[in-house]
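Asker: Sending over input_17.pdb (PDB, C-alpha atoms).
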```pdb
ATOM      1  CA  MET F   1      70.654  99.158 105.772
ATOM      2  CA  SER F   2      73.826 101.038 106.793
ATOM      3  CA  SER F   3      76.412 102.029 104.196
ATOM      4  CA  SER F   4      78.860  99.449 105.561
ATOM      5  CA  SER F   5      76.212  96.706 105.377
ATOM      6  CA  LYS F   6      75.410  97.697 101.786
ATOM      7  CA  SER F   7      79.117  97.558 100.976
ATOM      8  CA  SER F   8      79.398  94.087 102.511
ATOM      9  CA  ALA F   9      76.353  92.887 100.581
ATOM     10  CA  THR F  10      77.829  94.237  97.349
ATOM     11  CA  PHE F  11      81.165  92.576  98.053
ATOM     12  CA  ARG F  12      79.534  89.262  98.943
ATOM     13  CA  ALA F  13      77.526  89.314  95.706
ATOM     14  CA  MET F  14      80.716  89.824  93.695
ATOM     15  CA  HIS F  15      81.855  86.362  94.814
ATOM     16  CA  GLU F  16      78.770  84.550  93.532
ATOM     17  CA  SER F  17      79.747  84.271  89.860
ATOM     18  CA  GLY F  18      82.439  85.255  87.403
ATOM     19  CA  CYS F  19      85.922  86.397  88.347
ATOM     20  CA  PHE F  20      87.049  89.835  89.491
ATOM     21  CA  VAL F  21      90.349  91.538  90.297
ATOM     22  CA  LEU F  22      90.770  92.905  93.814
ATOM     23  CA  PRO F  23      93.770  95.289  93.600
ATOM     24  CA  ASN F  24      95.697  96.353  96.686
ATOM     25  CA  PRO F  25      96.376 100.053  97.339
ATOM     26  CA  TRP F  26      98.788 100.962 100.104
ATOM     27  CA  ASP F  27      97.714 104.539 100.831
ATOM     28  CA  ILE F  28      94.880 106.992 100.228
ATOM     29  CA  GLY F  29      96.178 108.189  96.862
ATOM     30  CA  THR F  30      96.501 104.724  95.383
ATOM     31  CA  ALA F  31      93.040 103.794  96.684
ATOM     32  CA  ILE F  32      91.527 106.849  95.006
ATOM     33  CA  TYR F  33      93.276 106.093  91.725
ATOM     34  CA  LEU F  34      92.220 102.436  91.649
ATOM     35  CA  GLU F  35      88.595 103.473  92.082
ATOM     36  CA  HIS F  36      89.079 106.151  89.415
ATOM     37  CA  VAL F  37      90.184 103.616  86.774
ATOM     38  CA  GLY F  38      87.161 101.429  87.400
ATOM     39  CA  PHE F  39      87.931  98.619  89.834
ATOM     40  CA  LYS F  40      84.868  97.528  91.808
ATOM     41  CA  ALA F  41      86.489  96.604  95.142
ATOM     42  CA  LEU F  42      89.849  97.042  96.888
ATOM     43  CA  ALA F  43      91.956  95.225  99.459
ATOM     44  CA  THR F  44      94.620  96.497 101.798
ATOM     45  CA  THR F  45      98.133  95.052 101.714
ATOM     46  CA  SER F  46     100.001  94.553 104.972
ATOM     47  CA  ALA F  47     103.390  94.545 103.236
ATOM     48  CA  GLY F  48     102.653  97.514 100.989
ATOM     49  CA  PHE F  49     101.563  99.590 103.964
ATOM     50  CA  ALA F  50     104.445  98.422 106.164
ATOM     51  CA  PHE F  51     107.023  99.366 103.530
ATOM     52  CA  SER F  52     105.446 102.824 103.182
ATOM     53  CA  ARG F  53     106.077 103.255 106.922
ATOM     54  CA  GLY F  54     109.650 102.024 106.712
ATOM     55  CA  LYS F  55     108.795  98.773 108.489
ATOM     56  CA  ARG F  56     109.024  95.103 107.566
ATOM     57  CA  ASP F  57     105.848  93.178 106.847
ATOM     58  CA  GLY F  58     104.222  91.992 110.049
ATOM     59  CA  SER F  59     105.748  94.659 112.297
ATOM     60  CA  VAL F  60     102.892  97.187 112.037
ATOM     61  CA  THR F  61     100.949  97.295 115.309
ATOM     62  CA  ARG F  62      97.294  96.368 115.528
ATOM     63  CA  ASP F  63      96.134  99.909 116.197
ATOM     64  CA  GLU F  64      98.307 101.341 113.429
ATOM     65  CA  MET F  65      96.834  98.781 111.030
ATOM     66  CA  LEU F  66      93.285  99.542 112.148
ATOM     67  CA  ASP F  67      93.880 103.253 111.512
ATOM     68  CA  HIS F  68      95.243 102.445 108.050
ATOM     69  CA  ILE F  69      92.313 100.183 107.173
ATOM     70  CA  ARG F  70      89.890 102.884 108.288
ATOM     71  CA  GLU F  71      91.571 105.543 106.143
ATOM     72  CA  ILE F  72      91.378 103.306 103.063
ATOM     73  CA  VAL F  73      87.696 102.587 103.738
ATOM     74  CA  GLU F  74      87.006 106.311 104.115
ATOM     75  CA  ALA F  75      88.988 107.205 100.970
ATOM     76  CA  THR F  76      86.765 105.234  98.607
ATOM     77  CA  THR F  77      83.140 104.352  97.940
ATOM     78  CA  LEU F  78      84.179 100.796  97.040
ATOM     79  CA  PRO F  79      84.011  97.709  99.274
ATOM     80  CA  VAL F  80      87.338  97.162 101.037
ATOM     81  CA  ASN F  81      88.784  93.840 102.153
ATOM     82  CA  ALA F  82      91.252  94.061 105.038
ATOM     83  CA  ASP F  83      94.491  92.111 105.099
ATOM     84  CA  PHE F  84      94.318  91.535 108.858
ATOM     85  CA  LEU F  85      97.292  89.165 109.042
ATOM     86  CA  SER F  86      96.801  86.544 111.769
ATOM     87  CA  GLY F  87      94.419  88.717 113.750
ATOM     88  CA  TYR F  88      97.039  90.117 116.150
ATOM     89  CA  ALA F  89      96.466  87.320 118.686
ATOM     90  CA  ASP F  90      97.148  83.607 119.031
ATOM     91  CA  GLU F  91      94.081  82.370 120.893
ATOM     92  CA  PRO F  92      90.645  82.304 119.249
ATOM     93  CA  GLU F  93      89.109  84.704 121.763
ATOM     94  CA  GLY F  94      91.795  87.308 121.168
ATOM     95  CA  VAL F  95      91.476  87.053 117.399
ATOM     96  CA  ALA F  96      87.692  87.405 117.642
ATOM     97  CA  GLU F  97      88.023  90.532 119.786
ATOM     98  CA  ASN F  98      90.456  92.126 117.357
ATOM     99  CA  VAL F  99      88.195  91.241 114.431
ATOM    100  CA  ARG F 100      85.374  93.117 116.167
ATOM    101  CA  LEU F 101      87.613  96.181 116.134
ATOM    102  CA  CYS F 102      88.346  95.635 112.449
ATOM    103  CA  LEU F 103      84.638  95.364 111.643
ATOM    104  CA  ALA F 104      84.150  98.788 113.216
ATOM    105  CA  THR F 105      86.333 100.344 110.482
ATOM    106  CA  GLY F 106      83.597  99.647 107.931
ATOM    107  CA  VAL F 107      85.340  96.906 105.951
ATOM    108  CA  ALA F 108      83.333  94.688 103.622
ATOM    109  CA  GLY F 109      85.678  91.725 104.071
ATOM    110  CA  LEU F 110      88.738  90.594 105.984
ATOM    111  CA  SER F 111      91.214  87.746 105.890
ATOM    112  CA  ILE F 112      92.717  85.752 108.724
ATOM    113  CA  GLU F 113      95.858  83.715 108.116
ATOM    114  CA  ASP F 114      97.426  80.776 109.949
ATOM    115  CA  ASN F 115     100.993  82.124 110.001
ATOM    116  CA  THR F 116     102.312  82.241 113.566
ATOM    117  CA  GLY F 117     105.158  84.599 112.706
ATOM    118  CA  ARG F 118     107.579  82.125 114.311
ATOM    119  CA  THR F 119     110.358  80.302 112.485
ATOM    120  CA  ASP F 120     110.230  77.171 114.676
ATOM    121  CA  VAL F 121     106.481  76.570 114.203
ATOM    122  CA  PRO F 122     105.440  78.742 111.245
ATOM    123  CA  LEU F 123     101.817  77.558 111.034
ATOM    124  CA  TYR F 124      99.358  77.318 113.891
ATOM    125  CA  GLU F 125      98.541  73.729 114.809
ATOM    126  CA  LYS F 126      95.586  72.726 112.653
ATOM    127  CA  LYS F 127      92.968  72.454 115.407
ATOM    128  CA  LEU F 128      93.912  75.842 116.796
ATOM    129  CA  ALA F 129      93.893  77.357 113.294
ATOM    130  CA  VAL F 130      90.388  75.982 112.704
ATOM    131  CA  ASP F 131      89.194  77.173 116.120
ATOM    132  CA  ARG F 132      90.479  80.653 115.278
ATOM    133  CA  ILE F 133      88.409  80.729 112.069
ATOM    134  CA  ARG F 134      85.382  79.412 113.931
ATOM    135  CA  ALA F 135      85.706  82.118 116.611
ATOM    136  CA  VAL F 136      85.973  84.837 113.974
ATOM    137  CA  ARG F 137      82.931  83.433 112.163
ATOM    138  CA  SER F 138      80.939  83.574 115.399
ATOM    139  CA  ALA F 139      81.998  87.167 116.092
ATOM    140  CA  MET F 140      81.130  88.249 112.566
ATOM    141  CA  ASP F 141      77.743  86.549 112.657
ATOM    142  CA  ALA F 142      76.957  88.208 115.984
ATOM    143  CA  SER F 143      77.767  91.606 114.456
ATOM    144  CA  GLY F 144      75.191  91.158 111.701
ATOM    145  CA  SER F 145      77.564  92.986 109.373
ATOM    146  CA  GLY F 146      77.592  90.466 106.532
ATOM    147  CA  VAL F 147      81.354  90.972 106.158
ATOM    148  CA  VAL F 148      83.066  88.340 103.985
ATOM    149  CA  LEU F 149      85.540  86.135 105.878
ATOM    150  CA  THR F 150      88.531  84.823 103.944
ATOM    151  CA  GLY F 151      90.463  81.937 105.444
ATOM    152  CA  ARG F 152      94.130  81.903 104.414
ATOM    153  CA  CYS F 153      96.622  79.062 104.506
ATOM    154  CA  GLU F 154     100.190  80.356 104.347
ATOM    155  CA  ALA F 155     101.873  77.010 103.651
ATOM    156  CA  TRP F 156     103.635  78.179 100.489
ATOM    157  CA  LEU F 157     104.805  81.441 102.021
ATOM    158  CA  VAL F 158     106.332  79.770 105.098
ATOM    159  CA  HIS F 159     108.017  77.042 102.991
ATOM    160  CA  ASP F 160     105.993  74.148 104.379
ATOM    161  CA  PRO F 161     107.585  70.821 103.314
ATOM    162  CA  ASP F 162     104.379  69.740 101.531
ATOM    163  CA  PRO F 163     102.535  72.993 100.850
ATOM    164  CA  PHE F 164      99.986  71.714  98.354
ATOM    165  CA  ASN F 165      98.614  68.932 100.552
ATOM    166  CA  THR F 166      98.752  71.149 103.632
ATOM    167  CA  VAL F 167      96.715  73.754 101.754
ATOM    168  CA  LEU F 168      94.137  71.230 100.564
ATOM    169  CA  ASP F 169      93.671  69.856 104.064
ATOM    170  CA  ARG F 170      93.449  73.216 105.778
ATOM    171  CA  LEU F 171      91.325  75.124 103.288
ATOM    172  CA  VAL F 172      88.643  72.458 103.450
ATOM    173  CA  ALA F 173      88.723  72.690 107.247
ATOM    174  CA  TYR F 174      88.554  76.499 107.141
ATOM    175  CA  ALA F 175      85.588  76.332 104.784
ATOM    176  CA  ASP F 176      83.830  73.940 107.149
ATOM    177  CA  ALA F 177      84.606  76.298 110.057
ATOM    178  CA  GLY F 178      82.813  79.151 108.319
ATOM    179  CA  ALA F 179      85.204  80.910 105.962
ATOM    180  CA  ASP F 180      83.307  82.400 103.016
ATOM    181  CA  CYS F 181      86.319  82.542 100.686
ATOM    182  CA  LEU F 182      89.506  80.478 100.645
ATOM    183  CA  TYR F 183      92.996  81.686  99.849
ATOM    184  CA  ALA F 184      96.454  80.106  99.657
ATOM    185  CA  PRO F 185      98.962  82.772  98.593
ATOM    186  CA  GLY F 186     101.878  81.288  96.678
ATOM    187  CA  VAL F 187     100.054  78.804  94.458
ATOM    188  CA  SER F 188     101.070  79.147  90.825
ATOM    189  CA  LYS F 189     100.503  75.857  88.978
ATOM    190  CA  PRO F 190      97.199  75.813  87.059
ATOM    191  CA  ASP F 191      96.473  72.186  87.942
ATOM    192  CA  GLU F 192      96.949  72.900  91.656
ATOM    193  CA  ILE F 193      94.696  75.960  91.430
ATOM    194  CA  ALA F 194      92.026  73.860  89.704
ATOM    195  CA  GLN F 195      92.210  71.202  92.423
ATOM    196  CA  ILE F 196      91.848  73.800  95.182
ATOM    197  CA  VAL F 197      88.834  75.311  93.450
ATOM    198  CA  LYS F 198      87.211  71.895  93.022
ATOM    199  CA  LEU F 199      87.859  70.777  96.583
ATOM    200  CA  VAL F 200      86.309  73.800  98.346
ATOM    201  CA  ALA F 201      83.462  74.355  95.860
ATOM    202  CA  PRO F 202      80.975  75.945  95.912
ATOM    203  CA  LYS F 203      82.870  78.417  98.081
ATOM    204  CA  PRO F 204      84.957  80.925  96.098
ATOM    205  CA  VAL F 205      88.745  80.906  95.879
ATOM    206  CA  ASN F 206      91.099  83.904  95.825
ATOM    207  CA  VAL F 207      94.410  83.576  93.972
ATOM    208  CA  LEU F 208      97.318  85.940  94.523
ATOM    209  CA  VAL F 209      99.072  87.043  91.329
ATOM    210  CA  SER F 210     102.400  88.831  91.710
ATOM    211  CA  GLY F 211     105.909  88.657  90.302
ATOM    212  CA  PHE F 212     106.390  84.931  90.942
ATOM    213  CA  ASN F 213     103.342  83.899  88.870
ATOM    214  CA  HIS F 214     102.731  86.954  86.709
ATOM    215  CA  GLN F 215     102.274  84.755  83.634
ATOM    216  CA  LEU F 216      98.784  83.844  84.849
ATOM    217  CA  SER F 217      96.000  85.909  83.279
ATOM    218  CA  LEU F 218      92.513  86.915  84.338
ATOM    219  CA  SER F 219      90.925  84.804  81.607
ATOM    220  CA  GLN F 220      93.054  81.767  82.475
ATOM    221  CA  LEU F 221      92.211  81.968  86.163
ATOM    222  CA  ALA F 222      88.540  82.498  85.397
ATOM    223  CA  ASP F 223      88.601  79.343  83.261
ATOM    224  CA  LEU F 224      90.083  77.481  86.242
ATOM    225  CA  GLY F 225      87.101  78.546  88.343
ATOM    226  CA  VAL F 226      88.822  81.241  90.409
ATOM    227  CA  ARG F 227      86.386  83.906  91.591
ATOM    228  CA  ARG F 228      88.776  86.542  92.975
ATOM    229  CA  ILE F 229      92.290  87.674  92.068
ATOM    230  CA  SER F 230      94.355  89.905  94.346
ATOM    231  CA  VAL F 231      97.845  91.276  93.784
ATOM    232  CA  GLY F 232      98.970  91.646  97.404
ATOM    233  CA  SER F 233     102.061  93.825  97.584
ATOM    234  CA  GLY F 234     102.519  93.522  93.802
ATOM    235  CA  LEU F 235     101.498  97.063  92.884
ATOM    236  CA  ALA F 236     103.488  98.501  95.781
ATOM    237  CA  LEU F 237     106.541  96.513  94.694
ATOM    238  CA  ALA F 238     106.056  97.686  91.104
ATOM    239  CA  ALA F 239     106.163 101.284  92.351
ATOM    240  CA  TRP F 240     109.184 100.520  94.536
ATOM    241  CA  GLY F 241     110.917  98.839  91.595
ATOM    242  CA  THR F 242     110.600 101.942  89.425
ATOM    243  CA  PHE F 243     111.688 104.167  92.306
ATOM    244  CA  LEU F 244     114.738 102.029  93.126
ATOM    245  CA  ARG F 245     115.909 101.823  89.536
ATOM    246  CA  ALA F 246     115.556 105.580  89.012
ATOM    247  CA  ALA F 247     117.230 106.469  92.308
ATOM    248  CA  LYS F 248     120.168 104.124  91.652
ATOM    249  CA  ASP F 249     120.596 105.432  88.107
ATOM    250  CA  ILE F 250     120.717 109.010  89.360
ATOM    251  CA  LYS F 251     123.211 108.163  92.119
ATOM    252  CA  THR F 252     125.407 105.792  90.093
ATOM    253  CA  ASN F 253     125.322 107.270  86.606
ATOM    254  CA  GLY F 254     124.164 110.826  87.133
ATOM    255  CA  LYS F 255     121.403 110.205  84.592
ATOM    256  CA  PHE F 256     117.715 111.003  84.824
ATOM    257  CA  ASN F 257     116.436 108.990  81.860
ATOM    258  CA  LEU F 258     114.184 106.799  83.997
ATOM    259  CA  LEU F 259     112.094 109.828  84.903
ATOM    260  CA  ALA F 260     110.920 110.108  81.284
ATOM    261  CA  ASN F 261     107.976 107.772  81.787
ATOM    262  CA  ASN F 262     106.762 109.270  85.048
ATOM    263  CA  ALA F 263     103.055 109.641  85.768
ATOM    264  CA  ALA F 264     101.795 113.012  84.575
ATOM    265  CA  PHE F 265     101.829 115.559  87.377
ATOM    266  CA  ALA F 266      98.818 117.379  85.924
ATOM    267  CA  ASP F 267      96.713 114.219  85.755
ATOM    268  CA  LEU F 268      97.308 113.277  89.374
ATOM    269  CA  ASN F 269      96.942 116.861  90.524
ATOM    270  CA  GLU F 270      93.569 117.092  88.791
ATOM    271  CA  LEU F 271      92.382 113.765  90.198
ATOM    272  CA  PHE F 272      93.287 114.657  93.766
ATOM    273  CA  GLN F 273      91.965 118.194  93.394
ATOM    274  CA  GLU F 274      88.540 116.642  92.947
ATOM    275  CA  LYS F 275      88.966 114.912  96.298
ATOM    276  CA  SER F 276      90.329 117.920  98.191
TER     277      SER F 276
END
```
Go through the file and emit its structure as structure tokens.
Answerer:
Amino acid sequence: MSSSSKSSATFRAMHESGCFVLPNPWDIGTAIYLEHVGFKALATTSAGFAFSRGKRDGSVTRDEMLDHIREIVEATTLPVNADFLSGYADEPEGVAENVRLCLATGVAGLSIEDNTGRTDVPLYEKKLAVDRIRAVRSAMDASGSGVVLTGRCEAWLVHDPDPFNTVLDRLVAYADAGADCLYAPGVSKPDEIAQIVKLVAPKPVNVLVSGFNHQLSLSQLADLGVRRISVGSGLALAAWGTFLRAAKDIKTNGKFNLLANNAAFADLNELFQEKS
């Protein structure tokens, strides 16, 4: 079994019981550190990476994203799940072809979302969205890679008029089309999370925890039946928040107090020296 197949098998097994946190690094250094502190798998973040390149989320090109995913995979021994947005194509065949390219990076999992990127029709029509998942499932099965496919419904993020019912309807359809894990970023109410988990069972559910629902805890989500918790751009935004506050304080007040709680230079230098 190849190293990438072993990684996929490990990642798949992590979804079978319990609940684990899948943190999202946005560059090589953050990937190395997250492995160092003991996380068992990682996921890329499209927004976190885009912001590090001075771009808005969704504007990174396919090839630039593939290069980034590959560098994260190569930076760590852990399984990596790729945030592959909507697959960089509209039609099922195009998404499947791009997923084949993503599989070649060595990822253990990847997600495909139903966000069109358009303001007039923000979600793909349901049949097309399901056909896209089905085409990706076929491509992944043909590869024999064992990579975990996560089907995402973006109803909350695109301000769908009835996000909860749209999510319930679509996640069931994505599960039936072959998604291994289901994900609706934006859900925050415990009762809604519990209903999603129940409806797609026995397939696992990923819940995004970030600033908008930070009150949720690992133990609470585990009790609700959630198998996987990701933080999306949350860690990147936490870093940006500290940076912005410190930079503004220096510029506005001429004070450097917010640098007092910086990460220790020596600790990071030692960690990365081991990787040099």
Asker: For Gly186 of chain F, work out the shell of residues within 12 Å, counting all atoms listed in the file and skipping chain neighbours fewer than 6 positions away, then give it as a PyMOL selection string.
Answerer: chain F and resi 152-160+163-164+167+192-193+206-214+230-232
Asker: Using all atoms listed in the file for the distances, tell me which of F:Ser217, F:Asp67, F:Ile133, F:Phe51 is nearest to Asp176 of chain F.
Answerer: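 Residue with the minimum atom-to-atom distance to Asp176 of chain F: F:Ile133.
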Asker: Excluding same-chain residues fewer than 2 positions from Ala89 of chain F, what lies within 12 Å of it counting only C-alpha atoms, as a tab-separated table (two decimals) with C-alpha atoms, in the coordinates of the input?
Answerer:
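Writing the result to selection28.tsv gives the following:
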```tsv
chain	number	residue	atom	x	y	z
F	61	THR	CA	100.95	97.30	115.31
F	62	ARG	CA	97.29	96.37	115.53
F	84	PHE	CA	94.32	91.54	108.86
F	85	LEU	CA	97.29	89.16	109.04
F	86	SER	CA	96.80	86.54	111.77
F	87	GLY	CA	94.42	88.72	113.75
F	91	GLU	CA	94.08	82.37	120.89
F	92	PRO	CA	90.64	82.30	119.25
F	93	GLU	CA	89.11	84.70	121.76
F	94	GLY	CA	91.80	87.31	121.17
F	95	VAL	CA	91.48	87.05	117.40
F	96	ALA	CA	87.69	87.40	117.64
F	97	GLU	CA	88.02	90.53	119.79
F	98	ASN	CA	90.46	92.13	117.36
F	99	VAL	CA	88.20	91.24	114.43
F	112	ILE	CA	92.72	85.75	108.72
F	113	GLU	CA	95.86	83.72	108.12
F	114	ASP	CA	97.43	80.78	109.95
F	115	ASN	CA	100.99	82.12	110.00
F	116	THR	CA	102.31	82.24	113.57
F	117	GLY	CA	105.16	84.60	112.71
F	124	TYR	CA	99.36	77.32	113.89
F	128	LEU	CA	93.91	75.84	116.80
F	129	ALA	CA	93.89	77.36	113.29
F	132	ARG	CA	90.48	80.65	115.28
F	136	VAL	CA	85.97	84.84	113.97
```
Asker: Extract, using all atoms listed in the file, all DNA, RNA and protein residues at most 10 Å from Leu268 of chain F, discarding same-chain residues fewer than 4 positions from it, and format them as a CSV table (one decimal) with C-alpha atoms, in the coordinates of the input.
Answerer:
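Okay, around20.csv is ready:
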```
chain,number,residue,atom,x,y,z
F,29,GLY,CA,96.2,108.2,96.9
F,33,TYR,CA,93.3,106.1,91.7
F,263,ALA,CA,103.1,109.6,85.8
F,264,ALA,CA,101.8,113.0,84.6
F,272,PHE,CA,93.3,114.7,93.8
F,273,GLN,CA,92.0,118.2,93.4
```
Asker: With distances taken over all atoms listed in the file, which of F:Pro122, F:Pro25, F:Pro204, F:Gly241 is nearest to Leu42 of chain F?
Answerer: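 Counting all atoms listed in the file, the residue closest to Leu42 of chain F is F:Pro25.
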Asker: Please expand the PyMOL selection byres ((chain F and resi 4) around 8) into the concrete residues it hits in this file, giving the result as number ranges by chain.
Answerer: F: 2-3, 5-8, 106-108, 145
Asker: Can you put N, CA and C atoms back into segment 103-121 of chain F and show it as a PDB file, in the coordinates of the input?
Answerer:
```
ATOM      1  N   LEU F 103      85.967  95.168 112.216  1.00  0.00           N
ATOM      2  CA  LEU F 103      84.638  95.364 111.643  1.00  0.00           C
ATOM      3  C   LEU F 103      84.168  96.803 111.821  1.00  0.00           C
ATOM      4  N   ALA F 104      84.572  97.416 112.920  1.00  0.00           N
ATOM      5  CA  ALA F 104      84.150  98.788 113.216  1.00  0.00           C
ATOM      6  C   ALA F 104      84.746  99.810 112.251  1.00  0.00           C
ATOM      7  N   THR F 105      85.747  99.419 111.461  1.00  0.00           N
ATOM      8  CA  THR F 105      86.333 100.344 110.482  1.00  0.00           C
ATOM      9  C   THR F 105      85.448 100.488 109.253  1.00  0.00           C
ATOM     10  N   GLY F 106      84.468  99.591 109.093  1.00  0.00           N
ATOM     11  CA  GLY F 106      83.597  99.647 107.931  1.00  0.00           C
ATOM     12  C   GLY F 106      84.011  98.759 106.778  1.00  0.00           C
ATOM     13  N   VAL F 107      84.902  97.800 107.026  1.00  0.00           N
ATOM     14  CA  VAL F 107      85.340  96.906 105.951  1.00  0.00           C
ATOM     15  C   VAL F 107      84.190  96.027 105.463  1.00  0.00           C
ATOM     16  N   ALA F 108      84.309  95.597 104.210  1.00  0.00           N
ATOM     17  CA  ALA F 108      83.333  94.688 103.622  1.00  0.00           C
ATOM     18  C   ALA F 108      83.807  93.240 103.690  1.00  0.00           C
ATOM     19  N   GLY F 109      85.096  93.054 103.964  1.00  0.00           N
ATOM     20  CA  GLY F 109      85.678  91.725 104.071  1.00  0.00           C
ATOM     21  C   GLY F 109      86.973  91.794 104.837  1.00  0.00           C
ATOM     22  N   LEU F 110      87.422  90.656 105.334  1.00  0.00           N
ATOM     23  CA  LEU F 110      88.738  90.594 105.984  1.00  0.00           C
ATOM     24  C   LEU F 110      89.263  89.181 105.909  1.00  0.00           C
ATOM     25  N   SER F 111      90.576  89.062 105.943  1.00  0.00           N
ATOM     26  CA  SER F 111      91.214  87.746 105.890  1.00  0.00           C
ATOM     27  C   SER F 111      91.972  87.483 107.177  1.00  0.00           C
ATOM     28  N   ILE F 112      91.962  86.223 107.557  1.00  0.00           N
ATOM     29  CA  ILE F 112      92.717  85.752 108.724  1.00  0.00           C
ATOM     30  C   ILE F 112      93.614  84.615 108.258  1.00  0.00           C
ATOM     31  N   GLU F 113      94.899  84.726 108.548  1.00  0.00           N
ATOM     32  CA  GLU F 113      95.858  83.715 108.116  1.00  0.00           C
ATOM     33  C   GLU F 113      96.321  82.844 109.270  1.00  0.00           C
ATOM     34  N   ASP F 114      96.974  81.742 108.939  1.00  0.00           N
ATOM     35  CA  ASP F 114      97.426  80.776 109.949  1.00  0.00           C
ATOM     36  C   ASP F 114      98.926  80.823 110.172  1.00  0.00           C
ATOM     37  N   ASN F 115      99.556  81.917 109.805  1.00  0.00           N
ATOM     38  CA  ASN F 115     100.993  82.124 110.001  1.00  0.00           C
ATOM     39  C   ASN F 115     101.245  82.600 111.426  1.00  0.00           C
ATOM     40  N   THR F 116     102.048  81.870 112.172  1.00  0.00           N
ATOM     41  CA  THR F 116     102.312  82.241 113.566  1.00  0.00           C
ATOM     42  C   THR F 116     103.304  83.391 113.685  1.00  0.00           C
ATOM     43  N   GLY F 117     104.096  83.610 112.624  1.00  0.00           N
ATOM     44  CA  GLY F 117     105.158  84.599 112.706  1.00  0.00           C
ATOM     45  C   GLY F 117     106.419  84.058 113.356  1.00  0.00           C
ATOM     46  N   ARG F 118     106.432  82.767 113.669  1.00  0.00           N
ATOM     47  CA  ARG F 118     107.579  82.125 114.311  1.00  0.00           C
ATOM     48  C   ARG F 118     108.289  81.225 113.302  1.00  0.00           C
ATOM     49  N   THR F 119     109.604  81.148 113.407  1.00  0.00           N
ATOM     50  CA  THR F 119     110.358  80.302 112.485  1.00  0.00           C
ATOM     51  C   THR F 119     110.342  78.832 112.901  1.00  0.00           C
ATOM     52  N   ASP F 120     110.201  78.560 114.216  1.00  0.00           N
ATOM     53  CA  ASP F 120     110.230  77.171 114.676  1.00  0.00           C
ATOM     54  C   ASP F 120     108.916  76.444 114.372  1.00  0.00           C
ATOM     55  N   VAL F 121     107.794  77.141 114.514  1.00  0.00           N
ATOM     56  CA  VAL F 121     106.481  76.570 114.203  1.00  0.00           C
ATOM     57  C   VAL F 121     105.731  77.601 113.369  1.00  0.00           C
TER      58      VAL F 121
END
```
